[in-house]
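Pasting run_30.txt here (compact mmCIF, C-alpha atoms and all ligand atoms):
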```
# COMPACT_ATOMS: atom_id res chain seq x y z
CA ILE A 1128 21.68 -30.48 -9.53
CA GLU A 1129 21.95 -29.50 -5.91
CA GLN A 1130 22.36 -25.87 -6.77
CA THR A 1131 19.28 -25.89 -8.99
CA ALA A 1132 17.25 -27.41 -6.20
CA TYR A 1133 18.55 -24.83 -3.81
CA GLN A 1134 17.73 -22.00 -6.20
CA ASN A 1135 14.22 -23.29 -6.77
CA ASP A 1136 13.74 -23.54 -3.04
CA SER A 1137 14.81 -19.99 -2.31
CA LEU A 1138 12.78 -18.73 -5.27
CA ALA A 1139 9.69 -20.40 -3.84
CA MET A 1140 10.50 -18.92 -0.43
CA LEU A 1141 10.94 -15.47 -1.94
CA GLY A 1142 7.61 -15.86 -3.73
CA LYS A 1143 5.81 -16.75 -0.52
CA LEU A 1144 7.51 -14.00 1.42
CA SER A 1145 6.65 -11.33 -1.14
CA ALA A 1146 3.07 -12.53 -1.32
CA SER A 1147 2.63 -12.20 2.42
CA ILE A 1148 4.32 -8.80 2.49
CA ALA A 1149 1.98 -7.69 -0.27
CA HIS A 1150 -1.00 -8.82 1.79
CA GLU A 1151 0.32 -6.99 4.84
CA ILE A 1152 0.71 -3.77 2.88
CA ARG A 1153 -2.83 -4.00 1.60
CA ASN A 1154 -4.46 -3.86 5.02
CA PRO A 1155 -3.01 -0.50 6.10
CA LEU A 1156 -3.74 0.89 2.63
CA THR A 1157 -7.39 -0.04 3.06
CA ALA A 1158 -7.43 1.70 6.44
CA ILE A 1159 -5.79 4.84 5.02
CA ARG A 1160 -8.30 4.86 2.18
CA GLY A 1161 -11.22 4.73 4.63
CA PHE A 1162 -9.92 7.56 6.81
CA ILE A 1163 -9.17 9.82 3.86
CA GLN A 1164 -12.75 9.36 2.77
CA LEU A 1165 -13.88 10.37 6.27
CA LEU A 1166 -11.70 13.50 6.04
CA HIS A 1167 -13.14 14.40 2.67
CA PRO A 1168 -15.77 16.89 3.94
CA TYR A 1169 -13.18 18.73 6.06
CA LEU A 1170 -10.76 18.99 3.16
CA HIS A 1171 -13.66 20.24 1.09
CA GLN A 1172 -14.34 22.99 3.65
CA LEU A 1173 -10.70 24.00 3.46
CA GLY A 1174 -10.90 24.09 -0.32
CA LYS A 1175 -8.32 21.30 -0.48
CA GLU A 1176 -10.53 18.62 -1.96
CA GLU A 1177 -8.02 17.83 -4.65
CA TYR A 1178 -5.57 16.56 -2.04
CA ALA A 1179 -8.05 13.82 -1.14
CA LYS A 1180 -8.38 12.94 -4.82
CA ILE A 1181 -4.63 12.64 -5.24
CA ILE A 1182 -4.27 10.52 -2.11
CA LEU A 1183 -7.08 8.19 -3.18
CA ALA A 1184 -5.71 7.87 -6.72
CA GLU A 1185 -2.25 7.05 -5.39
CA ILE A 1186 -3.60 4.49 -2.93
CA ASP A 1187 -5.53 2.87 -5.76
CA ARG A 1188 -2.38 2.79 -7.85
CA ALA A 1189 -0.43 1.11 -5.06
CA ASN A 1190 -3.27 -1.42 -4.73
CA ASP A 1191 -3.20 -2.10 -8.47
CA ILE A 1192 0.53 -2.76 -8.34
CA ILE A 1193 0.14 -5.15 -5.43
CA HIS A 1194 -2.78 -6.87 -7.14
CA GLU A 1195 -0.84 -7.44 -10.35
CA PHE A 1196 2.21 -8.49 -8.39
CA LEU A 1197 0.21 -11.03 -6.40
CA SER A 1198 -1.42 -12.48 -9.47
CA SER A 1199 1.97 -12.82 -11.13
CA SER A 1200 3.74 -14.44 -8.17
CA LYS A 1201 0.99 -16.93 -7.39
CA PRO A 1202 1.41 -20.72 -7.74
CA SER A 1203 4.30 -21.25 -10.09
CA VAL A 1204 2.87 -24.59 -11.19
CA PRO A 1205 0.76 -23.74 -14.21
CA GLN A 1206 -2.46 -25.64 -14.89
CA VAL A 1207 -1.59 -27.08 -18.25
CA GLY A 1208 -4.31 -27.99 -20.69
CA MET A 1209 -5.27 -27.88 -24.35
CA ILE A 1210 -6.41 -24.44 -25.46
CA PRO A 1211 -8.22 -23.87 -28.76
CA VAL A 1212 -6.91 -20.55 -30.06
CA SER A 1213 -10.25 -19.40 -31.48
CA ALA A 1214 -12.07 -19.95 -28.18
CA LEU A 1215 -9.33 -18.14 -26.28
CA LEU A 1216 -9.52 -15.04 -28.49
CA LYS A 1217 -13.31 -15.09 -28.59
CA GLU A 1218 -13.64 -15.15 -24.81
CA VAL A 1219 -11.22 -12.33 -24.21
CA VAL A 1220 -12.78 -10.17 -26.93
CA LEU A 1221 -16.21 -10.79 -25.43
CA LEU A 1222 -14.85 -9.75 -22.05
CA THR A 1223 -13.49 -6.45 -23.36
CA GLU A 1224 -16.12 -5.51 -25.95
CA SER A 1225 -18.42 -3.51 -23.69
CA GLU A 1226 -15.50 -1.61 -22.21
CA ALA A 1227 -14.32 -0.84 -25.75
CA LEU A 1228 -17.74 0.38 -26.86
CA MET A 1229 -17.92 2.71 -23.88
CA LYS A 1230 -14.56 4.14 -24.90
CA GLY A 1231 -15.81 4.56 -28.46
CA CYS A 1232 -13.54 1.98 -30.01
CA GLN A 1233 -14.23 -1.11 -32.02
CA ILE A 1234 -12.68 -4.56 -31.60
CA ASN A 1235 -12.64 -6.64 -34.74
CA LEU A 1236 -12.03 -10.37 -34.23
CA HIS A 1237 -10.87 -11.94 -37.48
CA PRO A 1238 -12.38 -15.39 -38.08
CA LEU A 1239 -9.64 -18.01 -37.99
CA GLN A 1240 -8.85 -19.91 -41.17
CA GLU A 1241 -8.39 -23.20 -39.34
CA ASP A 1242 -8.58 -24.84 -35.92
CA MET A 1243 -5.42 -24.42 -33.90
CA VAL A 1244 -4.63 -25.76 -30.44
CA ILE A 1245 -1.90 -24.71 -28.03
CA SER A 1246 -0.93 -26.24 -24.72
CA GLY A 1247 -0.72 -24.17 -21.58
CA ASP A 1248 -2.37 -22.47 -18.64
CA VAL A 1249 -5.61 -21.00 -19.97
CA LYS A 1250 -5.89 -18.38 -17.19
CA GLN A 1251 -2.41 -17.10 -17.90
CA MET A 1252 -3.03 -17.06 -21.64
CA LYS A 1253 -6.22 -15.06 -21.15
CA GLN A 1254 -4.35 -12.66 -18.93
CA VAL A 1255 -1.79 -12.02 -21.67
CA VAL A 1256 -4.36 -11.34 -24.40
CA LEU A 1257 -6.41 -9.25 -21.98
CA ASN A 1258 -3.34 -7.15 -21.07
CA MET A 1259 -2.68 -6.46 -24.72
CA ILE A 1260 -6.26 -5.56 -25.61
CA ARG A 1261 -6.39 -3.26 -22.56
CA ASN A 1262 -3.18 -1.58 -23.66
CA ALA A 1263 -4.62 -1.22 -27.17
CA MET A 1264 -7.79 0.38 -25.80
CA GLU A 1265 -5.73 2.80 -23.75
CA ALA A 1266 -3.51 3.63 -26.73
CA VAL A 1267 -6.56 4.26 -28.89
CA ALA A 1268 -8.10 6.54 -26.25
CA ASP A 1269 -4.89 8.60 -26.14
CA ARG A 1270 -4.75 9.35 -29.84
CA GLU A 1271 -4.22 12.84 -31.23
CA ASP A 1272 -6.95 12.85 -33.90
CA ASP A 1273 -10.49 11.72 -33.19
CA SER A 1274 -11.11 9.15 -35.90
CA MET A 1275 -12.60 5.82 -34.81
CA GLY A 1276 -10.36 3.71 -32.60
CA LYS A 1277 -9.90 0.25 -34.06
CA ILE A 1278 -8.39 -2.91 -32.60
CA GLU A 1279 -7.80 -5.98 -34.76
CA VAL A 1280 -7.43 -9.39 -33.13
CA GLY A 1281 -6.67 -12.66 -34.89
CA ALA A 1282 -4.32 -15.59 -35.42
CA ARG A 1283 -2.76 -17.56 -38.23
CA ARG A 1284 -0.59 -20.63 -38.58
CA GLU A 1285 3.08 -20.26 -39.46
CA GLY A 1286 4.64 -23.70 -39.80
CA SER A 1287 4.37 -25.41 -36.42
CA GLU A 1288 3.56 -22.15 -34.63
CA VAL A 1289 0.59 -19.90 -34.17
CA ARG A 1290 0.94 -16.14 -34.48
CA MET A 1291 -1.74 -14.32 -32.54
CA PHE A 1292 -1.91 -10.61 -33.27
CA ILE A 1293 -3.39 -7.61 -31.50
CA SER A 1294 -3.16 -4.42 -33.56
CA ASP A 1295 -4.43 -0.94 -32.86
CA ASN A 1296 -4.51 2.44 -34.56
CA GLY A 1297 -3.64 4.13 -31.28
CA LYS A 1298 -0.97 6.61 -30.33
CA GLY A 1299 1.92 4.26 -31.04
CA MET A 1300 5.33 4.25 -29.40
CA ASP A 1301 8.61 6.04 -29.90
CA ILE A 1302 11.91 4.20 -29.87
CA ARG A 1303 12.57 4.96 -26.19
CA THR A 1304 9.30 3.35 -25.19
CA LEU A 1305 9.81 0.40 -27.54
CA ASP A 1306 13.18 -0.21 -25.89
CA ARG A 1307 11.72 -0.47 -22.42
CA LEU A 1308 8.14 -1.67 -22.66
CA PHE A 1309 8.89 -5.14 -21.26
CA ASN A 1310 10.75 -3.79 -18.21
CA PRO A 1311 8.91 -4.33 -14.93
CA PHE A 1312 7.32 -1.08 -13.70
CA PHE A 1313 8.00 0.77 -16.96
CA THR A 1314 4.93 2.84 -17.77
CA THR A 1315 4.11 6.03 -19.65
CA LYS A 1316 0.65 6.23 -18.06
CA GLU A 1317 -0.33 8.35 -15.10
CA ASN A 1318 -2.14 5.41 -13.52
CA GLY A 1319 -0.15 2.58 -15.06
CA THR A 1320 1.58 -0.18 -13.14
CA GLY A 1321 4.06 -1.08 -15.84
CA LEU A 1322 3.60 -4.74 -15.01
CA GLY A 1323 1.25 -5.94 -17.77
CA LEU A 1324 3.82 -6.57 -20.46
CA SER A 1325 6.62 -7.80 -18.20
CA VAL A 1326 4.27 -10.40 -16.73
CA SER A 1327 2.93 -11.28 -20.19
CA ASP A 1328 6.44 -11.69 -21.55
CA ARG A 1329 7.33 -14.08 -18.74
CA ILE A 1330 4.17 -16.12 -19.23
CA ILE A 1331 4.74 -16.49 -22.97
CA LYS A 1332 8.42 -17.40 -22.50
CA ASN A 1333 7.38 -20.04 -19.92
CA HIS A 1334 5.16 -21.50 -22.62
CA GLY A 1335 8.03 -21.71 -25.10
CA GLY A 1336 6.95 -18.72 -27.13
CA CYS A 1337 7.83 -15.08 -27.68
CA ILE A 1338 6.23 -11.66 -28.13
CA SER A 1339 7.24 -9.24 -30.85
CA VAL A 1340 6.08 -5.70 -31.43
CA SER A 1341 6.22 -3.04 -34.11
CA SER A 1342 4.89 0.46 -33.73
CA ARG A 1343 4.76 3.93 -35.22
CA VAL A 1344 4.00 7.14 -33.36
CA ASN A 1345 0.47 8.38 -34.13
CA GLU A 1346 -0.21 5.42 -36.41
CA GLY A 1347 -0.52 2.38 -34.19
CA THR A 1348 0.98 -0.74 -32.76
CA HIS A 1349 1.13 -4.38 -33.79
CA PHE A 1350 1.78 -7.08 -31.17
CA VAL A 1351 2.45 -10.69 -32.20
CA ILE A 1352 2.43 -13.62 -29.77
CA SER A 1353 4.13 -16.70 -31.23
CA LEU A 1354 3.54 -20.08 -29.57
CA PRO A 1355 4.18 -23.69 -30.49
CA LEU A 1356 1.11 -25.51 -31.79
CA ILE A 1357 -0.07 -28.91 -30.59
CA HIS A 1358 -2.07 -29.25 -33.78
P1 LIG B 1 0.92 -0.16 -18.24
O1 LIG B 1 -0.19 -0.49 -19.22
O2 LIG B 1 0.48 -0.31 -16.82
O3 LIG B 1 1.59 1.15 -18.52
P2 LIG B 1 2.30 -2.30 -19.59
O4 LIG B 1 3.43 -3.18 -19.17
O5 LIG B 1 1.03 -2.95 -19.99
O6 LIG B 1 2.05 -1.30 -18.40
O7 LIG B 1 2.80 -1.38 -20.77
C1 LIG B 1 4.02 -0.65 -20.64
C2 LIG B 1 4.05 0.55 -21.58
O8 LIG B 1 4.12 0.10 -22.94
C3 LIG B 1 2.80 1.43 -21.55
O9 LIG B 1 2.84 2.37 -20.49
C4 LIG B 1 2.84 2.09 -22.91
O10 LIG B 1 3.72 3.18 -22.93
C5 LIG B 1 3.46 1.02 -23.79
N1 LIG B 1 2.43 0.30 -24.57
C6 LIG B 1 2.01 -0.97 -24.37
N2 LIG B 1 1.09 -1.33 -25.28
C7 LIG B 1 0.91 -0.27 -26.09
C8 LIG B 1 0.09 0.01 -27.26
N3 LIG B 1 -0.75 -0.91 -27.75
N4 LIG B 1 0.19 1.23 -27.84
C9 LIG B 1 1.05 2.16 -27.34
N5 LIG B 1 1.83 1.97 -26.27
C10 LIG B 1 1.77 0.78 -25.65
MG MG B 2 -1.02 -2.44 -19.47
```
Whole structure given in structure tokens:
Amino acid sequence: IEQTAYQNDSLAMLGKLSASIAHEIRNPLTAIRGFIQLLHPYLHQLGKEEYAKIILAEIDRANDIIHEFLSSSKPSVPQVGMIPVSALLKEVVLLTESEALMKGCQINLHPLQEDMVISGDVKQMKQVVLNMIRNAMEAVADREDDSMGKIEVGARREGSEVRMFISDNGKGMDIRTLDRLFNPFFTTKENGTGLGLSVSDRIIKNHGGCISVSSRVNEGTHFVISLPLIH
């Protein structure tokens, strides 16, 4: 028992420490960003404008990583409540619909056959579904052919569990990617953080569930989130 307490303590300490380091890194990044913008006209005169672009893009990427890291290492005590699955999916789809339309893809939310309720932290749950829909939108944008990008979202009951699914007809994944997609910082995207799925996986495991995935290159990807149902 003592060792568990000790471990929890040092974990909490580590969490606090990393959060404050992350904050401290952000401030100089903001300063660098500002000065690079000031230098922009001079770089332009030198015909080296693209250097400024690269620097800004890389600073933004570092900021994204810190942002995702901070939001994943924040209070480890989840706000537990009852979450109706249909409301959860509806809200996240609503949140992403305009972004999807702009990218020329369609999100289709399947009406649920029955009311289902899970227990958990609603913010974290939204974050997971949002991560997956964002990934689907990005996968659809990266496709080879230019047929309509489609994302299907829905849920069904399976015994005492709910299976929420997010499917896309995007670029899919090869076996090497499938092997590593839950690893922290693993990304195949130029501007990716590689944190979305590792954080999502942890959140779902903390809620007593699991994530499974199947995918085919150039055909699409099917994510399933399984979670215990309250009723
Ligand atoms: P990021 O989106 O920042 O790259 P994620 O953890 O969200 O990080 O995803 C990790 C990797 O998994 C992505 O870079 C991508 O290669 C792959 N991936 C995730 N979702 C999909 C999807 N729906 N279709 C194709 N590849 C995906
Ligand atoms: Mg992602």
Could you please extract the residues within 8 Å of ligand LIG 1 (chain B), counting all atoms listed in the file, and hand them back as a PyMOL selection string? chain A and resi 1258-1267+1294-1295+1297-1300+1304-1305+1307-1316+1318-1326+1342+1347-1350
Spatial neighbours of A:Val1256, 9 Å, only C-alpha atoms, chain gap at least 3 places, as a ChimeraX atom specification: /A:1215-1216,1219-1220,1251-1253,1259-1261,1293,1327,1352
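Between atom CA of A:Glu1218 and atom CA of A:Gly1286 lies a distance of 25.1 Å.
Interatomic distance, atom CA of A:Arg1290 against atom CA of A:Val1249: 16.6 Å.
Among the candidates A:Glu1195, A:Asp1272, A:Glu1226, A:Asp1242, the one nearest to ligand MG 2 (chain B) when counting all atoms listed in the file is A:Glu1195.
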Smallest atom-to-atom distance to ligand MG 2 (chain B): which of A:Met1229, A:Ile1192, A:Ala1282, A:Met1291, using only C-alpha atoms and all ligand atoms?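 That would be A:Ile1192, the residue with the smallest distance to ligand MG 2 (chain B).
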Given only C-alpha atoms as the basis, pick out the residue of A:Ser1274, A:Ser1147, A:Gly1336, A:Ser1341 nearest to A:Ile1302.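 Of all the options, A:Ser1341 lies closest to A:Ile1302.
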Which value, in Å to one decimal, gives the distance between atom CA of A:Asn1345 and atom CA of A:Gly1281? 22.2 Å
6 Å per side around stretch 1312-1320 of chain A: axis-aligned box centre and edge lengths, as AutoDock Vina command-line options:
```
--center_x 2.9 --center_y 3.6 --center_z -16.4 --size_x 22.1 --size_y 21.4 --size_z 18.5
```
Which of these residues is nearest to A:Ile1357, using only C-alpha atoms: A:Gly1208, A:Ala1214, A:Asp1301, A:Leu1221? A:Gly1208
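Each of A:Lys1175, A:Lys1143, A:His1358, A:His1167 was compared to A:Glu1285 using only C-alpha atoms, and A:His1358 turns out to be the nearest.
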